[in-house]
Every structure is written in C-alpha cells, then in structure tokens.
file input26.txt (compact mmCIF, C-alpha atoms)
# COMPACT_ATOMS: atom_id res chain seq x y z
CA MET A 25 -7.45 17.08 2.38
CA ARG A 26 -8.96 16.90 -0.82
CA LYS A 27 -12.20 15.53 -1.71
CA LEU A 28 -14.12 16.60 -4.80
CA ALA A 29 -13.73 20.20 -5.80
CA LEU A 30 -12.65 22.46 -3.01
CA ILE A 31 -14.66 25.44 -1.98
CA LEU A 32 -15.22 25.92 1.64
CA LEU A 33 -12.53 24.00 3.45
CA ALA A 34 -14.24 24.59 6.81
CA VAL A 35 -11.32 24.28 9.10
CA ALA A 36 -10.81 21.14 10.89
CA ALA A 37 -12.38 18.46 12.97
CA ALA A 38 -12.63 16.59 16.11
CA ILE A 39 -10.69 14.70 18.57
CA LEU A 40 -11.33 12.83 21.70
CA VAL A 41 -7.90 12.19 22.93
CA ALA A 42 -9.22 11.46 26.36
CA ALA A 43 -12.35 13.49 26.63
CA VAL A 44 -14.28 12.63 29.74
CA SER A 45 -18.04 12.75 29.24
CA ARG A 46 -21.04 11.61 31.23
CA GLY A 47 -23.55 9.28 29.63
CA THR A 48 -22.52 9.99 26.02
CA SER A 49 -22.34 7.67 23.02
CA PRO A 50 -19.52 7.66 20.41
CA GLU A 51 -21.71 9.89 18.20
CA ALA A 52 -21.29 12.66 20.76
CA SER A 53 -17.63 12.98 19.79
CA GLU A 54 -16.37 14.93 16.80
CA ALA A 55 -13.79 14.46 13.97
CA SER A 56 -12.24 15.18 10.23
CA SER A 57 -9.59 15.34 7.13
CA HIS A 58 -7.19 18.05 5.48
CA ARG A 59 -8.57 20.78 7.77
CA GLU A 60 -12.03 20.48 6.25
CA ALA A 61 -14.24 20.17 9.30
CA PRO A 62 -14.44 22.45 12.35
CA LEU A 63 -12.81 20.08 14.86
CA ILE A 64 -9.96 17.98 13.44
CA SER A 65 -7.77 21.05 12.99
CA GLU A 66 -7.30 20.81 16.73
CA ASP A 67 -5.85 17.32 16.28
CA PRO A 68 -3.52 17.35 13.23
CA SER A 69 -1.74 14.10 14.12
CA ALA A 70 -5.04 12.25 13.61
CA ASP A 71 -6.10 14.26 10.56
CA ASN A 72 -5.93 12.16 7.37
CA THR A 73 -5.31 14.44 4.41
CA ASP A 74 -5.28 12.22 1.30
CA LEU A 75 -5.82 8.63 0.25
CA TYR A 76 -4.27 7.07 -2.86
CA ALA A 77 -4.76 3.60 -4.35
CA PHE A 78 -3.18 2.43 -7.62
CA ARG A 79 -1.59 -0.56 -9.24
CA SER A 80 2.14 -0.25 -8.62
CA PRO A 81 3.81 0.98 -11.83
CA ASP A 82 6.96 -1.10 -11.33
CA LYS A 83 5.18 -4.08 -9.73
CA PRO A 84 1.78 -4.26 -11.48
CA ASN A 85 0.79 -7.45 -9.66
CA THR A 86 0.53 -5.38 -6.46
CA LEU A 87 -1.76 -2.62 -5.20
CA THR A 88 -0.21 0.40 -3.49
CA VAL A 89 -2.30 2.24 -0.88
CA ILE A 90 -1.03 5.47 0.68
CA SER A 91 -2.84 7.32 3.47
CA ASN A 92 -1.38 10.68 4.48
CA PHE A 93 -1.80 12.41 7.82
CA ILE A 94 -0.78 15.74 9.45
CA PRO A 95 -1.43 18.56 6.97
CA GLY A 96 1.05 21.31 6.12
CA GLU A 97 4.20 20.10 7.82
CA ASP A 98 6.90 22.75 7.65
CA PRO A 99 10.20 20.81 7.33
CA GLY A 100 11.94 23.29 9.64
CA ALA A 101 9.35 23.27 12.43
CA GLY A 102 11.52 22.33 15.38
CA PRO A 103 12.31 21.52 18.08
CA ASN A 104 9.18 19.38 18.41
CA TYR A 105 8.94 17.99 14.92
CA TYR A 106 5.91 16.17 13.55
CA THR A 107 5.21 12.56 14.51
CA PHE A 108 2.37 10.07 14.48
CA SER A 109 0.41 10.04 17.74
CA PRO A 110 1.18 7.10 20.07
CA ARG A 111 -2.33 7.54 21.50
CA ALA A 112 -4.14 6.99 18.19
CA ARG A 113 -4.94 4.02 15.98
CA TYR A 114 -4.56 4.45 12.22
CA ASN A 115 -6.54 2.12 9.96
CA ILE A 116 -6.55 1.33 6.24
CA ASN A 117 -9.76 -0.55 5.42
CA ILE A 118 -10.49 -2.70 2.36
CA ASP A 119 -13.99 -3.82 1.33
CA ARG A 120 -14.17 -6.73 -1.13
CA THR A 121 -17.98 -7.11 -1.28
CA GLY A 122 -19.39 -3.59 -1.72
CA ASP A 123 -21.24 -3.52 1.60
CA GLY A 124 -19.04 -0.84 3.16
CA ARG A 125 -17.74 -3.13 5.89
CA PRO A 126 -14.00 -3.81 6.05
CA ASP A 127 -13.04 -7.34 5.03
CA ILE A 128 -9.39 -6.53 5.69
CA THR A 129 -8.02 -3.81 7.99
CA TYR A 130 -4.38 -2.84 8.36
CA ARG A 131 -3.93 -1.11 11.72
CA PHE A 132 -0.86 0.97 12.60
CA ARG A 133 0.23 1.78 16.17
CA PHE A 134 3.22 3.98 17.02
CA ARG A 135 5.46 4.60 20.02
CA GLN A 136 7.71 7.52 20.93
CA ARG A 137 11.40 7.48 21.79
CA PRO A 138 12.95 10.16 24.00
CA GLY A 139 14.80 12.91 22.16
CA ALA A 140 18.38 14.07 22.61
CA LEU A 141 19.59 17.55 23.55
CA PHE A 142 16.73 19.98 22.86
CA LEU A 143 15.29 18.08 19.86
CA GLY A 144 12.30 15.75 19.75
CA ASN A 145 13.04 12.26 18.40
CA THR A 146 11.11 11.69 15.17
CA GLU A 147 12.06 8.01 14.74
CA GLN A 148 9.08 5.96 15.93
CA PRO A 149 8.82 2.19 16.36
CA TYR A 150 5.52 0.83 15.05
CA THR A 151 3.53 -2.32 14.43
CA VAL A 152 1.17 -3.22 11.61
CA GLU A 153 -1.72 -5.51 12.47
CA ARG A 154 -3.88 -7.21 9.83
CA ILE A 155 -7.47 -7.90 10.90
CA MET A 156 -9.34 -10.34 8.69
CA GLY A 157 -12.13 -12.81 9.33
CA GLY A 158 -12.25 -11.87 13.01
CA ARG A 159 -8.57 -12.71 13.48
CA SER A 160 -5.75 -10.30 14.16
CA THR A 161 -2.13 -10.90 13.14
CA ILE A 162 0.97 -8.73 13.44
CA VAL A 163 2.32 -8.62 9.87
CA ALA A 164 5.14 -6.07 10.26
CA ARG A 165 7.26 -4.21 12.78
CA GLY A 166 9.33 -1.23 11.79
CA VAL A 167 10.77 2.16 12.64
CA THR A 168 9.97 5.39 10.79
CA PRO A 169 12.88 7.30 9.27
CA PRO A 170 13.73 10.56 11.02
CA ASN A 171 12.20 13.73 9.64
CA ASN A 172 14.48 15.44 7.12
CA ILE A 173 15.78 18.01 9.61
CA GLY A 174 19.23 18.64 8.13
CA PRO A 175 22.61 17.01 7.41
CA ARG A 176 24.18 17.73 10.82
CA THR A 177 21.30 16.22 12.77
CA LEU A 178 21.01 13.20 10.47
CA LYS A 179 24.80 12.82 10.05
CA SER A 180 24.09 12.09 6.40
CA LYS A 181 23.39 13.98 3.18
CA ASN A 182 21.64 10.99 1.62
CA TYR A 183 18.12 11.14 2.98
CA ARG A 184 16.88 8.91 0.12
CA ALA A 185 19.06 6.05 1.40
CA ILE A 186 17.84 6.53 4.97
CA ALA A 187 14.19 6.41 3.93
CA ALA A 188 14.74 3.42 1.63
CA SER A 189 16.23 1.46 4.52
CA ARG A 190 12.94 1.85 6.42
CA VAL A 191 10.84 -0.09 3.89
CA TYR A 192 9.88 -3.41 5.49
CA GLY A 193 8.35 -6.64 4.28
CA LEU A 194 4.79 -7.69 5.14
CA ALA A 195 4.25 -11.23 6.37
CA GLY A 196 2.70 -13.15 3.49
CA GLY A 197 4.08 -10.76 0.84
CA GLY A 198 4.17 -7.05 0.14
CA GLN A 199 5.86 -4.05 1.72
CA VAL A 200 5.16 -1.28 4.21
CA PHE A 201 6.53 2.18 4.92
CA ALA A 202 5.59 4.80 7.51
CA GLY A 203 7.11 8.23 7.91
CA GLN A 204 7.48 11.76 6.60
CA ARG A 205 7.00 12.38 2.84
CA ASP A 206 6.63 15.34 0.54
CA ASP A 207 2.93 16.17 0.21
CA ALA A 208 1.92 14.77 -3.19
CA PHE A 209 -1.26 16.82 -3.30
CA PHE A 210 -1.13 19.97 -5.40
CA GLY A 211 -3.53 22.87 -5.71
CA ASP A 212 -4.05 26.61 -5.54
CA ILE A 213 -5.80 26.55 -2.19
CA GLY A 214 -5.31 30.28 -1.66
CA ALA A 215 -7.41 31.05 -4.73
CA ILE A 216 -9.92 28.22 -4.36
CA PHE A 217 -11.02 29.24 -0.90
CA ASP A 218 -11.25 32.86 -1.91
CA LEU A 219 -14.68 31.96 -3.32
CA LEU A 220 -13.35 29.83 -6.20
CA ALA A 221 -11.10 32.56 -7.56
CA ILE A 222 -9.32 31.64 -10.82
CA ARG A 223 -6.06 33.47 -11.48
CA LYS A 224 -5.95 32.94 -15.25
CA GLY A 225 -8.66 32.12 -17.80
CA THR A 226 -10.84 29.23 -16.67
CA GLY A 227 -7.98 27.62 -14.76
CA ASN A 228 -6.86 25.24 -17.50
CA GLU A 229 -4.03 27.48 -18.72
CA GLY A 230 -1.67 27.37 -15.75
CA GLY A 231 -0.95 30.43 -13.65
CA GLY A 232 -1.93 28.92 -10.31
CA LYS A 233 0.16 28.86 -7.13
CA ASP A 234 0.72 25.50 -5.46
CA PHE A 235 0.09 26.07 -1.78
CA PHE A 236 1.50 22.64 -0.89
CA ALA A 237 4.89 23.04 -2.58
CA GLY A 238 7.64 22.37 -0.06
CA TYR A 239 5.33 21.10 2.66
CA ALA A 240 5.28 17.55 4.01
CA VAL A 241 2.91 15.01 5.51
CA HIS A 242 3.27 11.73 7.37
CA ALA A 243 2.40 8.72 5.23
CA LEU A 244 1.26 5.15 5.80
CA ALA A 245 2.07 3.14 2.67
CA LEU A 246 1.23 -0.47 1.87
CA GLN A 247 2.09 -2.52 -1.20
CA ILE A 248 -0.12 -5.62 -1.24
CA PRO A 249 -0.17 -8.53 -3.72
CA ILE A 250 -3.35 -8.23 -5.79
CA SER A 251 -3.86 -11.97 -5.38
CA GLN A 252 -4.65 -11.32 -1.70
CA LEU A 253 -7.36 -8.77 -2.52
CA ASP A 254 -8.92 -9.66 -5.87
CA THR A 255 -12.61 -10.45 -6.27
CA LYS A 256 -14.85 -11.84 -8.98
CA SER A 257 -15.64 -8.29 -10.15
CA HIS A 258 -12.01 -7.20 -9.54
CA VAL A 259 -13.32 -4.10 -7.71
CA VAL A 260 -12.42 -3.24 -4.12
CA GLY A 261 -13.26 -0.21 -1.97
CA ILE A 262 -10.74 1.51 0.30
CA TRP A 263 -10.92 4.14 3.04
CA SER A 264 -8.74 5.17 5.96
CA THR A 265 -9.67 6.20 9.47
CA SER A 266 -8.06 7.35 12.70
CA GLU A 267 -9.34 6.61 16.18
CA ARG A 268 -8.78 7.88 19.69
CA GLN A 269 -9.90 6.57 23.04
CA GLN A 270 -12.91 8.12 24.71
CA VAL A 271 -13.32 7.85 28.44
CA THR A 272 -16.96 7.52 29.53
CA VAL A 273 -17.87 7.75 33.23
CA ARG A 274 -21.04 5.99 34.35
CA GLY A 275 -21.96 5.15 37.89
CA GLY A 276 -18.49 6.05 39.08
CA ARG A 277 -16.87 3.63 36.61
CA ALA A 278 -14.68 4.72 33.73
CA ARG A 279 -14.81 2.86 30.45
CA ASN A 280 -12.50 3.28 27.48
CA ALA A 281 -13.75 2.95 23.92
CA TRP A 282 -12.03 3.63 20.60
CA VAL A 283 -13.89 6.30 18.67
CA GLN A 284 -13.40 7.27 15.03
CA VAL A 285 -12.30 10.90 14.71
CA SER A 286 -11.42 11.11 11.02
CA ARG A 287 -12.19 9.24 7.79
CA LEU A 288 -11.27 9.58 4.15
CA GLY A 289 -12.17 7.79 0.92
CA ASN A 290 -12.54 9.88 -2.23
CA PRO A 291 -10.79 13.25 -2.36
CA LEU A 292 -12.63 16.50 -1.58
CA VAL A 293 -15.90 15.05 -0.26
CA ASN A 294 -15.98 16.63 3.18
CA GLU A 295 -14.47 19.92 1.97
CA VAL A 296 -16.94 20.49 -0.84
CA VAL A 297 -19.88 18.09 -0.77
CA ILE A 298 -20.75 18.04 2.93
CA PRO A 299 -22.21 21.27 4.42
CA THR A 300 -20.31 22.90 7.25
CA ALA A 301 -22.89 21.99 9.89
CA GLN A 302 -22.56 18.27 9.03
CA LYS A 303 -18.79 17.98 8.55
CA ASP A 304 -17.91 16.81 12.04
CA LEU A 305 -20.78 14.32 12.07
CA TRP A 306 -19.65 12.96 8.68
CA ASN A 307 -16.16 12.33 9.98
CA ARG A 308 -17.22 10.28 12.97
CA LEU A 309 -19.81 8.11 11.20
CA PRO A 310 -18.98 4.87 9.35
CA VAL A 311 -18.99 4.78 5.55
CA THR A 312 -22.16 2.67 5.73
CA ALA A 313 -24.07 5.75 6.97
CA GLU A 314 -23.66 7.70 3.73
CA LYS A 315 -27.35 7.41 2.83
CA ARG A 316 -28.11 10.17 5.31
CA PHE A 317 -25.85 12.52 3.31
CA ALA A 318 -27.09 11.44 -0.14
CA ALA A 319 -29.00 14.68 -0.79
CA ASN A 320 -25.70 16.59 -0.71
CA TYR A 321 -24.43 14.54 -3.65
CA ARG A 322 -27.66 14.80 -5.64
CA THR A 323 -27.92 18.57 -5.08
CA PRO A 324 -24.29 19.69 -4.65
CA ILE A 325 -23.49 23.01 -3.01
CA LEU A 326 -20.57 23.56 -5.38
CA ALA A 327 -22.79 23.45 -8.47
CA ALA A 328 -24.94 26.25 -7.08
CA VAL A 329 -21.86 28.30 -6.16
CA MET A 330 -20.42 27.87 -9.67
CA ASN A 331 -23.65 29.18 -11.15
CA GLN A 332 -23.83 32.11 -8.74
CA LEU A 333 -20.23 33.16 -9.38
CA TYR A 334 -19.68 32.31 -13.03
CA LYS A 335 -23.14 31.73 -14.58
CA LEU A 336 -22.07 28.36 -16.03
CA GLY A 337 -25.50 26.74 -16.19
CA VAL A 338 -24.27 23.79 -14.13
CA PRO A 339 -27.01 21.21 -13.36
CA GLU A 340 -27.82 21.63 -9.68
CA LYS A 341 -30.31 18.81 -9.00
CA ASN A 342 -30.72 15.07 -9.55
CA ARG A 343 -26.97 14.57 -9.98
CA LYS A 344 -26.96 10.79 -10.39
CA ASP A 345 -23.53 11.08 -12.01
CA LEU A 346 -21.98 12.32 -8.75
CA VAL A 347 -23.77 9.63 -6.75
CA ALA A 348 -22.13 7.07 -9.05
CA VAL A 349 -18.66 8.60 -8.76
CA PHE A 350 -18.66 8.73 -4.97
CA LEU A 351 -21.23 6.30 -3.59
CA THR A 352 -21.76 3.30 -5.90
CA GLY A 353 -18.98 3.31 -8.47
CA VAL A 354 -19.41 3.90 -12.19
CA ASN A 355 -21.41 1.22 -14.02
CA GLN A 356 -21.90 2.78 -17.48
CA PRO A 357 -19.40 1.90 -18.78
CA LYS A 358 -18.70 -0.76 -16.19
CA LEU A 359 -15.69 0.65 -14.40
CA ASN A 360 -15.69 0.19 -10.64
CA TYR A 361 -19.32 -0.42 -9.68
CA THR A 362 -19.76 -2.13 -6.31
CA GLY A 363 -23.55 -2.27 -6.15
CA PRO A 364 -26.53 -0.05 -5.31
CA LYS A 365 -25.66 0.45 -1.65
CA LEU A 366 -24.51 4.03 -1.01
CA VAL A 367 -21.00 3.83 0.45
CA GLU A 368 -18.40 6.59 0.28
CA MET A 369 -15.06 4.91 -0.44
CA LEU A 370 -12.28 5.05 -3.03
CA ARG A 371 -12.98 2.26 -5.55
CA ILE A 372 -10.47 0.65 -7.87
CA ASN A 373 -10.80 -2.01 -10.56
CA LEU A 374 -7.76 -4.23 -10.10
CA ALA A 375 -8.10 -5.71 -13.60
CA ILE A 376 -7.37 -2.45 -15.41
CA PRO A 377 -3.68 -2.46 -16.41
CA VAL A 378 -1.16 0.22 -15.48
CA THR A 379 -1.24 3.09 -17.96
CA ALA A 380 1.90 3.46 -20.09
CA PRO A 381 3.75 6.71 -19.24
CA GLU A 382 3.11 8.18 -22.69
CA ASN A 383 -0.67 7.66 -22.22
CA PHE A 384 -0.90 9.10 -18.70
CA SER A 385 -3.52 11.82 -18.28
CA ARG A 386 -3.67 13.99 -15.17
CA LEU A 387 -7.45 14.11 -15.74
CA GLY A 388 -7.81 10.37 -15.16
CA VAL A 389 -11.03 8.90 -16.50
CA LEU A 390 -12.09 12.30 -17.90
CA GLY A 391 -8.86 12.21 -19.94
CA MET A 392 -9.65 8.68 -21.19
CA ASP A 393 -7.07 7.21 -18.78
CA LEU A 394 -8.99 4.54 -16.89
CA GLN A 395 -6.23 4.06 -14.31
CA GLY A 396 -6.89 7.52 -12.87
CA TRP A 397 -9.41 8.95 -10.42
CA PRO A 398 -12.24 8.16 -9.84
CA ASN A 399 -10.92 4.64 -10.59
CA GLY A 400 -8.48 4.61 -7.71
CA ARG A 401 -6.23 7.63 -7.35
CA ARG A 402 -2.62 8.10 -8.44
CA LEU A 403 -0.14 10.64 -7.10
CA GLY A 404 -0.30 12.63 -10.35
CA ASP A 405 -4.09 12.75 -10.72
CA ASP A 406 -5.26 16.37 -10.74
CA VAL A 407 -8.27 15.78 -8.54
CA ILE A 408 -9.15 19.46 -8.19
CA ASP A 409 -9.48 19.94 -11.95
CA ILE A 410 -11.27 16.60 -12.34
CA ALA A 411 -13.68 17.43 -9.53
CA GLU A 412 -14.47 20.93 -10.74
CA ARG A 413 -15.18 19.64 -14.26
CA ALA A 414 -17.23 16.72 -12.93
CA VAL A 415 -19.40 19.02 -10.81
CA ALA A 416 -19.76 21.33 -13.81
CA GLY A 417 -21.27 18.39 -15.69
CA ALA A 418 -18.41 16.64 -17.56
CA LEU A 419 -20.02 13.26 -16.95
CA VAL A 420 -23.37 14.40 -18.32
CA GLY A 421 -22.15 16.06 -21.51
CA LYS A 422 -21.26 19.58 -20.26
CA ASN A 423 -17.56 20.17 -20.86
CA VAL A 424 -16.29 23.27 -19.06
CA PRO A 425 -12.44 23.34 -18.91
CA LEU A 426 -12.24 24.44 -15.29
CA GLY A 427 -9.17 24.15 -13.10
CA ASP A 428 -7.01 25.86 -10.53
CA GLY A 429 -4.00 26.47 -12.76
CA VAL A 430 -1.78 23.95 -10.92
CA ASP A 431 -1.37 20.81 -13.02
CA PHE A 432 1.36 18.79 -11.32
CA PRO A 433 3.08 18.40 -7.93
CA ASP A 434 6.20 20.34 -7.03
CA LYS A 435 8.34 17.18 -6.94
CA PRO A 436 8.25 14.13 -9.24
CA ARG A 437 7.27 10.88 -7.62
CA LEU A 438 9.82 8.16 -6.93
CA SER A 439 10.02 5.24 -9.35
CA VAL A 440 9.85 2.74 -6.48
CA PHE A 441 7.77 2.22 -3.35
CA PRO A 442 6.66 4.27 -1.41
CA TYR A 443 6.52 6.55 -4.51
CA GLU A 444 5.87 9.84 -2.70
CA ALA A 445 8.96 12.06 -2.95
CA ASP A 446 11.29 12.57 0.00
CA PRO A 447 10.34 15.54 2.18
CA GLY A 448 12.15 18.83 1.87
CA GLU A 449 15.03 19.54 4.22
CA GLY A 450 14.41 21.78 7.21
CA PHE A 451 17.87 23.36 6.97
CA ALA A 452 17.35 24.20 3.29
CA ASN A 453 14.06 25.94 4.15
CA GLU A 454 12.35 25.64 0.74
CA LYS A 455 8.59 25.74 0.92
CA GLY A 456 5.43 27.38 -0.27
CA GLY A 457 4.63 28.16 -3.91
CA ARG A 458 6.55 28.08 -7.18

call {"tool": "encode", "arguments": {"input": "input26.txt", "output": "structure tokens"}}
result
Amino acid sequence: MRKLALILLAVAAAILVAAVSRGTSPEASEASSHREAPLISEDPSADNTDLYAFRSPDKPNTLTVISNFIPGEDPGAGPNYYTFSPRARYNINIDRTGDGRPDITYRFRFRQRPGALFLGNTEQPYTVERIMGGRSTIVARGVTPPNNIGPRTLKSKNYRAIAASRVYGLAGGGQVFAGQRDDAFFGDIGAIFDLLAIRKGTGNEGGGKDFFAGYAVHALALQIPISQLDTKSHVVGIWSTSERQQVTVRGGRARNAWVQVSRLGNPLVNEVVIPTAQKDLWNRLPVTAEKRFAANYRTPILAAVMNQLYKLGVPEKNRKDLVAVFLTGVNQPKLNYTGPKLVEMLRINLAIPVTAPENFSRLGVLGMDLQGWPNGRRLGDDVIDIAERAVAGALVGKNVPLGDGVDFPDKPRLSVFPYEADPGEGFANEKGGR
C-alpha cells in the first residue's frame, strides 16, 4: 500500500470474484492496492500492497522483483489463516520499450489443499507461467511454505530453514519464491491518516510508531538474470496486477472474462495522488491509460493539503517534476527515462551498480543514492519520507525535511533471496508498533 506520500488512504477496492452482470464491460468492475481505494478492501487476497525492484545485493547480475499481497496479516489469525486466492491470477509485468505494454509477464496461479483438524492448510501448490512474444511457458512449479503459526503446528522451531527450502529455480535461470513474509513496508500510518499529523518536529527526528511492525503479507518474489531483461537504455518498467473472472450474461449465455481488480507500480500513487472518486477506476485501468489522470500529478492534492495544514509554500501547480518521477522517468540527469508517453510503472536502470552498504541512503535518489527509489525500490527505501519531501518540492529546489518519524523496518532484511524477513510467529504474538 504505499504510493507517494500517504494522506487519505481511502479504504480499499474492488473485486469481481464472480459477479454476474448484464451487458457490462470490464470497466464496469472495480478494484485496488494497500487498502487505498473503496473496493479492494473487500478482497484482501487480491490486494497488492507493495512492489519492489532492485539489483540483488548478493547476485548483482540479477534483478529481484517482489510483489506483496494481503495487507495487515496478523500471524495469529487462525483457524483460517491467510492464503493466496485459487480463483485469482497474479501477474508481474515487465516493459522493455517504454510503451506501457508488458513484453514479459510472469503469472502465478495457486491451488488449495484441505486442512487437518480444525486448521486451514496454508501450504499451496502453484505454477509460474512466463508469457513473452505471444507464447506461454511454465517456468516453475512450487509449494508455498506454511504460515508461521507456531512450533507445535510446524513441528519445527527453524522457520528460516522451512522457508529456504521453498525457493525454486526458474527454467532458463533465476529463482522464485511465494509465501508469507514479514511486511517490509514501514510507516506511521496512524499519524499520517490523521490529517498528516507529525508526532515530533517535522518528522525527520524519529518518534514515529510503525503500524506495520509484526504484521505480515504474502509475497511473490522473482530473481531474474539481467541478461534476460536488459535493453539498449538499460531501463525497464515494472508493475503488478491481480485479476478475477467476471461472468457476463448476454442472451441467456454466460461468458467468463479475466478482469483486472488491482494494480501497483510506484508506491503511494493511488493513496495520495488519485482522488477518492477515481481510485477504483484507476485500479481497473491499464497503465497505458494514465494520461487521463495526468492532472492529478501536475496539481497534486497532497501539496495543497501540506500548505493548508503547515503553510509550507509548496508549489501546487505545473509539477513537471512529479510527472517525471511517476509517469516518464527522470531524464535530467538521465536516470530511468523511458520516453514521453505517460505510463505509471516502477522504473529501474539496470546499469546502475548495487550501492555499497556504507553508502546506502534510506532517502534513495534524494540522498544521492541512485540505487534507491524512484530508481527501482529497495526494501529499506523510506518511501514515505521521500514522497513527502518530493511533493514539498525537493526536486525543484525546496528542501523541507519532512517525514513520519519511522526510518527503518522492524526487522532487518535477509542477506539472500527472497530478502524479506521471515514472518512473525503466531504463537509468540508479537505485533504492532515499537
């Protein structure tokens, strides 16, 4: 859930699990992200919360892409624990030309196994399909690890070993993982959505409360050889989507069609950039339709709110800097520009080397660390602080040290794929705040 600088996380967005309608088109359905549009909250298993893309720190000749789903998983929420939906399709899309159309799609499909005793079974068989050039190939089959329920249920105290055993190879090179992970996103959501409340100073001095500490998500993670993705400009665009089947009845005949119900590229876009009345529409439209929302980037709501609440003198109109960050890529300096076409996707320049640990900045490009967001997104990038400062004018010479007072996740990332930390244990019951 996270897309530019949180402020009105208009709860949740659409689903069409098997909605029966008469004479409707796919645009009549609704959708969303981390509970940011008014419909997807009703369908959390199809709700993509965050998207990450970064050169793998231990394998820099590969690109890691992580797409998280199912917001706010309580590790102890039994007996029907969280799982991917067997009635949904989950897609990770990669654009190599800048036109907003996927040149490569990795599609995940999941199945359910019956549970034992009174507990739901959280181990799910799945397939990964690669769609490229009009051809579809199964490139992996696997099984998710069980949710981290507790040592008696799992008959093991070494959850790390269980999860590591569920990393599988991709045909042609690379790796894949699917299953429950600690939520790598961090932020003081309780304060942010109380009309951008800041608990201490301007938010750059700590003092925030991490709402996501102790909560989990379900992750799709790919590690792909860069040689399979690279382009002449070295820039690719990435976004993830989820789809459900819509049943349309016409003339007494039922037809099934897959309909997009959620999409996600850059963090915080739907929460903060897109007005409430357009959030569901935004989620169900393709990334190529972003021109119709362009005015929201050029005249951002959040800038006006910042001025109303804190009198910051934030530029409110003609925000070409935000259009570049989200819709075209940054061209001055040449960072991850994909062309003039307005397409909302997470862009990454594959030629920029992995940042040495001692040079890492949680502020990404704003902190002179070109490996960080908005050039891709790493697990430690503080996208809330980056977004608030960007909207306040950091890219046009106005440096306001805004933030939410939460500067790092509650758990350190793993040193190996899939990088997101193991989820908390349900039996231990540790969650919510620090």

call {"tool": "closest_residue", "arguments": {"input": "input26.txt", "among": "A:Glu368, A:Glu340, A:Asp446, A:Glu147", "to": "Ala188 (chain A)", "atoms": "all atoms listed in the file"}}
result
A:Asp446

call {"tool": "closest_residue", "arguments": {"input": "input26.txt", "among": "A:Asp345, A:His242, A:Val167, A:Arg137", "to": "Asp71 (chain A)", "atoms": "all atoms listed in the file"}}
result
A:His242

call {"tool": "closest_residue", "arguments": {"input": "input26.txt", "among": "A:Thr177, A:Gln284, A:Asn423, A:Asn182", "to": "Val338 (chain A)", "atoms": "only C-alpha atoms"}}
result
A:Asn423

call {"tool": "closest_residue", "arguments": {"input": "input26.txt", "among": "A:Asp127, A:Glu454, A:Asp218, A:Glu444", "to": "Leu333 (chain A)", "atoms": "only C-alpha atoms"}}
result
A:Asp218

call {"tool": "closest_residue", "arguments": {"input": "input26.txt", "among": "A:Ser189, A:Thr73, A:Asn342, A:Asn307", "to": "Pro324 (chain A)", "atoms": "all atoms listed in the file"}}
result
A:Asn342

call {"tool": "atom_distance", "arguments": {"input": "input26.txt", "atom1": "CA of Val285 (chain A)", "atom2": "CA of Ala445 (chain A)"}}
result
27.7 Å

call {"tool": "residues_near_point", "arguments": {"input": "input26.txt", "point": "(-21.6, 15.8, -3.2)", "cutoff": "10 Å", "atoms": "only C-alpha atoms", "output": "NGL selection string"}}
result
:A and (27-29 or 292-299 or 317-327 or 343 or 346-347 or 349-351 or 415)

call {"tool": "closest_residue", "arguments": {"input": "input26.txt", "among": "A:Arg223, A:Arg316, A:Lys358, A:Arg279", "to": "Ser257 (chain A)", "atoms": "only C-alpha atoms"}}
result
A:Lys358

call {"tool": "residues_around", "arguments": {"input": "input26.txt", "residues": "Gly158 (chain A)", "least_positions_apart": "5", "cutoff": "12 Å", "atoms": "all atoms listed in the file", "output": "list in words"}}
result
Pro126, Asp127, Ile128 and Thr129 of chain A

call {"tool": "atom_distance", "arguments": {"input": "input26.txt", "atom1": "CA of Arg437 (chain A)", "atom2": "CA of Pro175 (chain A)"}}
result
22.3 Å

call {"tool": "residues_near_point", "arguments": {"input": "input26.txt", "point": "(1.2, 28.4, -3.3)", "cutoff": "12 Å", "atoms": "only C-alpha atoms", "output": "list in words"}}
result
Gly96, Phe209, Phe210, Gly211, Asp212, Ile213, Gly214, Ala215, Ile216, Gly231, Gly232, Lys233, Asp234, Phe235, Phe236, Ala237, Gly238, Tyr239, Asp428, Gly429, Val430, Pro433, Asp434, Lys455, Gly456, Gly457 and Arg458 of chain A

call {"tool": "atom_distance", "arguments": {"input": "input26.txt", "atom1": "CA of Pro169 (chain A)", "atom2": "CA of Arg184 (chain A)"}}
result
10.1 Å

call {"tool": "residues_around", "arguments": {"input": "input26.txt", "residues": "region 105-120 of chain A", "least_positions_apart": "5", "cutoff": "8 Å", "atoms": "only C-alpha atoms", "output": "PyMOL selection string"}}
result
chain A and resi 41+69-70+91+94+97+125-136+144-146+148+171+242+253-255+259-269
